[in-house]
Structures are given as C-alpha cells and as structure tokens.
Amino acid sequence: MKPFAYTRPGDAAAAVATVAADPSAVYLAGGTNLVDHLKLGVAGPGTLVDVTGLLSTAITPTADGGLSIGAGARNTDVAVDPRVRRDYPALSAALLAGASGQLRNMATTGGNLLQRTRCSYFADLTAPCTKRDPGQGWAAQQGWARHHAILGAPEGGCIATHPSDMAVALAAFDARVHLLGPDGERTVAATELHRLPGDDPSRDTVLEHGELITSVELPALPVAARSAYRKVRDRASYAFALVSVAAALDVADDGTVRDVRIALGGVAHRPWRAHRAEQALLGGPATDEAFRAAAAAETADARAVDTAVGGNAFKIPLVAGTVTATLRGLAAHRTEAA
Amino acid sequence: MDSTISLTVDGRRHELTVDTRTTVLDALRDRLGVTSAKKGCDHGQCGACTVLLAGPGEQGPGRRVLSCLSLAVAHDDAAVTTADGLGDGTDLHPLAEAFVTHDAYQCGYCTPGQICSAVGMLDEARAGHPSAVTSDLSADGPAVLDRAEIAERLSGNLCRCAAYSGIVSAVSAVSAVSAVSAVSTGAGASR
C-alpha cells in the first residue's frame, strides 16, 4: 500500500473542497472496495477524505410519497427498512443478494454506487487493462470472460461489468442521485449515473473529481410494490451476478401489462435499464412467450466474447430465462392475490 | 503517515499510534497482541477476520464487520469485540460451547470469525432482519432461522475444512435457545 494522508472534515462541503483541491484525493466511506484496492495497488491516492459520520444515514419520506436515502446509510439498514421492504421490495432483495452480512454492515449507499468493476484483470496489476492503466490493452478479451459484458461494450474494448446489485434496482425504479460538488448541487438519474466504456473506460460514472453523492431519492412508484430481484450466480450466495434482473410488473384485469420496469445486472458497464423489453411488453399479454420475446428484443444487439478459457455467450439465453422467470413470478403473485 | 487513536478491545482500552495504512486487523494482531481474529485472505473474501465493532457512543457489542477492510485510523474510539472477549474468562460463550458439541471446529482457523459472525447474525435475526432466502420480506418480528437461513446469513465466512454442516448445527442449537433468552451480549461487551 502506498502511504497516504487521512483527514476527516467537519461537513460535506469541507470534504468536497478538500477533494476538489487535490487531484490525488479520494473519498473513503465503508471502505469495502477502496481498502481492497489500496492493498492490491489498483488505487494509490495521496489523501483519503473520510466522509463517514458527515453523510446522512437517514431514510426519510419525501414530499411526493417517495423515500430519500442518505448516502451514508449502510446497505443493511436500507435492506431491512420496513418502507423499503413494503414499497420497493426489489431494492431490499437486491441489497440482501449482495456481498455478505459483514460487508452489508460496512458498505454505504453512496459507496455501493461508486464501487468499481470486479473484473479480475482490472484487479490484477500483472494483466494488461486499459480501464486501469490507459493504453495497455485488454486481457479480458482473451481471458476468462464469464463475468463480462454482452451489452453496450465496444467491439474489442472494455467488457467490464458494474458489480452493484443495489444499482440495478435503483435503475429500474427511476431513482435520482443527489450530488454535491465544488460548484454546488446537482441531480443525476440513476440510469445516467454510470457510463458505458466508450473511448474512456477509466471513467465509471459522470461524476467530476470532487463530486460527492449525498443522497438517493426513490420516487413514489406504485408498481414498485410489486417488484422482485432475481440473481443468477456461480454459487448459492456471496458471489457477483452472472445475470440479475430487477423487475416490477402491473397486470390489468384483462391480463395485459399495464406497467413494467426491468433492469439488468451483470451484462454491461452500467446497470442496464431494459427500455426495449418494457416497450415490447406494455399493453400486451403477460405471458411467458411475451416475456421471452421482450428479453430477446433487449439482447438483439448483444455481443458475446468467445475465448479459449470461457466466454459469455451463455448470458444471452440466461437473460431471457431470468427475465421470464422474474416476470412470471410477479404475474403469478398477482393471480394468487386476486 | 502516523495517527494516534484509541481502541477498546474486548473491554480493554488502548492508545496507539498507527501508520494510516494499518487495518483494524493488523492493529489487533501485530500491535495489541490480540490474535483471536485471524488473517485469512486479507481481502474481505473469507470472513476469518470478522469482529463485532461499535462506533463511539454505540451501545452493545456492535455489528459484525471485516477487520481486514477497516482502516484503524477511521475507527478511532471504536469498541471491538473479538471471539476472545465473548467468553467470561472461565466459561465459553454458548456459541463456542456449541461449536465443540457439534464438531464445528476442525482446523479452527476460521472459527473465531465464524463465532463473531454468528453472534452478530443472531442479533440481526432478533431485530427482524430478512435475508436473501426469506420468502416474505414483509414479515414482522424476529426471523425464524432454519438451516437454509443460517447458511445464507453466514455465507460470508468460508471454512476450507468444510465443517459447514457442524457449524450450521451449532448455530441452530444456540438460535433455538436465544429465541427465548438473548445470549449475544458476552462479558467482553460489558467489561
């Protein structure tokens, strides 16, 4: 680990001023990703600016009937909050599907959104990775690409995926992310917070240096009360998603889809809001055939990587199967309730 | 770069000057001689370093966390409870006792983290926290811990001897008792 200075400012504005003034400074919150990267040498900041203790940890109702979650709220506390469990169950389920009990007790809402890819080549200083060190090339393109992107990745370029489960649910629910920067406050849609790799894969998000996430706002969204999160991974627990689905579904009495929200994890450089699939389903029948066709429409442009040690072509049918199973579960739940 | 901090470990308060890079785990083991928490992977993947941590002013033994990913400088004035501090000095904590009874130890390297994790987990279950295998997220009251629930909630603790079956049995036995009387607050937390 490279030596670094540590400071704990008195408030968020002072923290922002400190980081904005120092190109080598980064924020420290729960530390579950950053401290690992300090040890690996993936990150080597000159200064850690500790924001735990100065960010809100509160989960409070908003004027429009939604919820505001302080950026310092721990993953555990958001997952178990009774209002989150009742009104946004896919968010609770996504959080509970992520990491382990110990890590959920440490990780914060803001930090979870800013965690970096778990691509093993990104974390391995002996492997060429242009996301980590510009111009080096792409070990993942020839390597173990099982966990890598099928959507939104440039051909032959960065195929890293965003690892957060929570962010997938936030993308499905049109959450808004509030930021404080050296020039004041601004708000970004959760679906617009993370970037596709494009020609600068080193940037995960649209945040400028010094900008700090202060809270996440969930809008009032009645369909979110009928939502679920389904995560497919290589072992039963404590593993990142191969493919995950956050979905909400409202089926009318005549069996047609009145409202639907779908977001995918494990498939792209950012949580992937499945607008095409949603459009394909709206107003149509809530059947397995329709769910499967909608998922296929979403992955029509998917590009898989085929390598000697493990490609990711399996994710294309896995998206269809996981979307179908998730929506089927939500549709069946409605039938039971009726 | 150095920083002076205070840590209360298993009821005993220490002042120490640490390099900012020092983790809570390294402070415990290398600086304070508390070797109960183990260094397994040192990257947050195995759970062997699990301790209970209460921030300044927090009541009780606190939450289960990974000491290998916690920087000591960021936990000034925290209270740490390791598996060492859970017993009362004479008798084992009921979970440690149950690990003996149910053959959950094997090599024992992961055990202190397993026990701290189980103590923290039982507190979470009593507080009504659901898990990824809980079918009804809206259910109220303490969580009912069957074997699947215990396995899921302890999945952050790896055991390479694969004593999992015994570990789940041990935790199951204690959770059945703790459903009627709280046992999680060991002597370490109140000393």
# chains A, B, ... in the order shown; residues from 1 in each chain; ligands from 1
$ interface_residues --of "chain B" --to "chain A" --cutoff "7 Å" --atoms "only C-alpha atoms" --output "PyMOL selection string"
chain B and resi 1+20-21+43+63-66+69-70+129-132+137-138+152-153+155-156
$ residues_around --residues "B:Pro112" --least-positions-apart "5" --cutoff "10 Å" --atoms "only C-alpha atoms" --output "PyMOL selection string"
chain B and resi 35-38+47-51+82-84+96+105+117-118
$ select_by_dssp --residues "stretch 13-188 of chain B" --states "strand (DSSP E or B)" --output "list in words"
Arg13, His14, Glu15, Leu16, Thr17, Val18, Asp19, Thr23, Thr50, Val51, Leu52, Leu53, Ala54, Arg63, Arg64, Val65, Leu66, Leu71, Ala78, Ala79, Val80 and Thr81 of chain B
$ residues_around --residues "stretch 146-150 of chain B" --least-positions-apart "2" --cutoff "8 Å" --atoms "only C-alpha atoms" --output "ChimeraX atom specification"
/B:131,133-134,144,152-154,168-169,171-172
$ write_last_selection --atoms "N, CA and C atoms" --output "short mmCIF file (atom, residue, chain, number, x, y, z; two decimals), in the first residue's frame"
data_model
loop_
_atom_site.label_atom_id
_atom_site.label_comp_id
_atom_site.auth_asym_id
_atom_site.auth_seq_id
_atom_site.Cartn_x
_atom_site.Cartn_y
_atom_site.Cartn_z
N SER B 131 -33.39 -12.10 5.07
CA SER B 131 -32.19 -12.46 4.31
C SER B 131 -32.59 -12.73 2.87
N VAL B 133 -32.85 -15.45 1.45
CA VAL B 133 -33.70 -16.63 1.29
C VAL B 133 -35.02 -16.52 2.06
N THR B 134 -35.26 -15.36 2.66
CA THR B 134 -36.54 -15.15 3.35
C THR B 134 -37.64 -14.97 2.31
N VAL B 144 -37.18 -16.35 11.67
CA VAL B 144 -37.13 -17.78 12.01
C VAL B 144 -35.94 -18.39 11.28
N GLU B 152 -27.31 -19.11 4.61
CA GLU B 152 -27.26 -17.85 3.85
C GLU B 152 -26.64 -16.73 4.68
N ARG B 153 -27.09 -16.60 5.92
CA ARG B 153 -26.63 -15.48 6.74
C ARG B 153 -25.17 -15.59 7.15
N LEU B 154 -24.62 -16.80 7.11
CA LEU B 154 -23.21 -16.99 7.45
C LEU B 154 -22.36 -17.25 6.20
N VAL B 168 -23.51 -25.10 11.05
CA VAL B 168 -24.94 -24.77 10.99
C VAL B 168 -25.68 -25.41 12.17
N SER B 169 -25.31 -26.65 12.51
CA SER B 169 -25.95 -27.31 13.66
C SER B 169 -25.68 -26.56 14.95
N VAL B 171 -24.93 -23.34 15.36
CA VAL B 171 -25.65 -22.05 15.38
C VAL B 171 -27.14 -22.30 15.55
N SER B 172 -27.63 -23.36 14.92
CA SER B 172 -29.04 -23.70 15.02
C SER B 172 -29.41 -23.99 16.47
#
$ atom_distance --atom1 "atom CA of B:Ala127" --atom2 "atom CA of B:His102"
26.0 Å
$ select_by_dssp --residues "stretch 109-334 of chain A" --states "helix (DSSP H, G or I)" --output "PyMOL selection string"
chain A and resi 109-114+139-142+166-172+190-193+222-225+275-281+288-298+315-334
$ residues_around --residues "A:Ala160" --least-positions-apart "6" --cutoff "9 Å" --atoms "only C-alpha atoms" --output "PyMOL selection string"
chain A and resi 117-119+122+131+140+147-149+153+197+201+267-269
$ residues_around --residues "B:Ser175" --least-positions-apart "5" --cutoff "12 Å" --atoms "only C-alpha atoms" --output "PyMOL selection string"
chain B and resi 94-95+98+118-126+142-147+149-150+168-170+180-184
$ residues_around --residues "A:Val26" --least-positions-apart "3" --cutoff "9 Å" --atoms "only C-alpha atoms" --output "list in words"
Val19, Asp22, Pro23, Pro45, Gly46, Thr47, Leu48, Val49, Asp50, His209 and Gly210 of chain A
$ write_last_selection --atoms "N, CA and C atoms" --output "PDB file, in the first residue's frame"
ATOM      1  N   VAL A  19     -11.308  17.473  -1.484  1.00  0.00           N
ATOM      2  CA  VAL A  19     -11.047  16.567  -2.613  1.00  0.00           C
ATOM      3  C   VAL A  19     -10.891  17.364  -3.904  1.00  0.00           C
ATOM      4  N   ASP A  22      -7.445  18.708  -4.520  1.00  0.00           N
ATOM      5  CA  ASP A  22      -6.316  17.770  -4.530  1.00  0.00           C
ATOM      6  C   ASP A  22      -6.603  16.640  -5.512  1.00  0.00           C
ATOM      7  N   PRO A  23      -5.948  16.653  -6.681  1.00  0.00           N
ATOM      8  CA  PRO A  23      -6.227  15.628  -7.697  1.00  0.00           C
ATOM      9  C   PRO A  23      -5.961  14.199  -7.197  1.00  0.00           C
ATOM     10  N   PRO A  45      -4.218   6.627  -3.871  1.00  0.00           N
ATOM     11  CA  PRO A  45      -4.480   8.047  -3.611  1.00  0.00           C
ATOM     12  C   PRO A  45      -3.458   8.655  -2.653  1.00  0.00           C
ATOM     13  N   GLY A  46      -3.266   9.976  -2.755  1.00  0.00           N
ATOM     14  CA  GLY A  46      -2.381  10.673  -1.824  1.00  0.00           C
ATOM     15  C   GLY A  46      -3.076  11.005  -0.519  1.00  0.00           C
ATOM     16  N   THR A  47      -4.397  11.179  -0.604  1.00  0.00           N
ATOM     17  CA  THR A  47      -5.171  11.558   0.584  1.00  0.00           C
ATOM     18  C   THR A  47      -6.513  10.816   0.596  1.00  0.00           C
ATOM     19  N   LEU A  48      -6.869  10.279   1.752  1.00  0.00           N
ATOM     20  CA  LEU A  48      -8.216   9.734   1.948  1.00  0.00           C
ATOM     21  C   LEU A  48      -9.021  10.752   2.749  1.00  0.00           C
ATOM     22  N   VAL A  49     -10.160  11.125   2.217  1.00  0.00           N
ATOM     23  CA  VAL A  49     -11.049  12.059   2.897  1.00  0.00           C
ATOM     24  C   VAL A  49     -12.251  11.254   3.394  1.00  0.00           C
ATOM     25  N   ASP A  50     -12.263  11.029   4.718  1.00  0.00           N
ATOM     26  CA  ASP A  50     -13.271  10.141   5.316  1.00  0.00           C
ATOM     27  C   ASP A  50     -14.610  10.877   5.420  1.00  0.00           C
ATOM     28  N   HIS A 209     -14.327  15.062 -10.631  1.00  0.00           N
ATOM     29  CA  HIS A 209     -13.491  14.912  -9.446  1.00  0.00           C
ATOM     30  C   HIS A 209     -13.967  15.877  -8.351  1.00  0.00           C
ATOM     31  N   GLY A 210     -14.190  15.358  -7.182  1.00  0.00           N
ATOM     32  CA  GLY A 210     -14.650  16.187  -6.064  1.00  0.00           C
ATOM     33  C   GLY A 210     -16.137  16.047  -5.801  1.00  0.00           C
TER      34      GLY A 210
END
$ residues_around --residues "B:Thr23" --least-positions-apart "4" --cutoff "7 Å" --atoms "only C-alpha atoms" --output "PyMOL selection string"
chain B and resi 27+67-72
$ write_last_selection --atoms "C-alpha atoms" --output "mmCIF file, in the first residue's frame"
data_model
loop_
_atom_site.group_PDB
_atom_site.id
_atom_site.type_symbol
_atom_site.label_atom_id
_atom_site.label_comp_id
_atom_site.auth_asym_id
_atom_site.auth_seq_id
_atom_site.Cartn_x
_atom_site.Cartn_y
_atom_site.Cartn_z
ATOM 1 C CA ALA B 27 -3.635 -3.281 14.839
ATOM 2 C CA SER B 67 -11.461 -6.007 10.315
ATOM 3 C CA CYS B 68 -9.166 -6.554 7.303
ATOM 4 C CA LEU B 69 -11.048 -3.918 5.277
ATOM 5 C CA SER B 70 -11.386 -1.459 8.182
ATOM 6 C CA LEU B 71 -8.656 1.157 8.495
ATOM 7 C CA ALA B 72 -7.745 1.676 12.151
#
$ atom_distance --atom1 "atom CA of A:Val305" --atom2 "atom CA of A:Arg195"
20.4 Å
$ closest_residue --among "A:Ala175, A:Leu180, A:Leu67, A:Gly41" --to "A:Ala17" --atoms "only C-alpha atoms"
A:Leu180
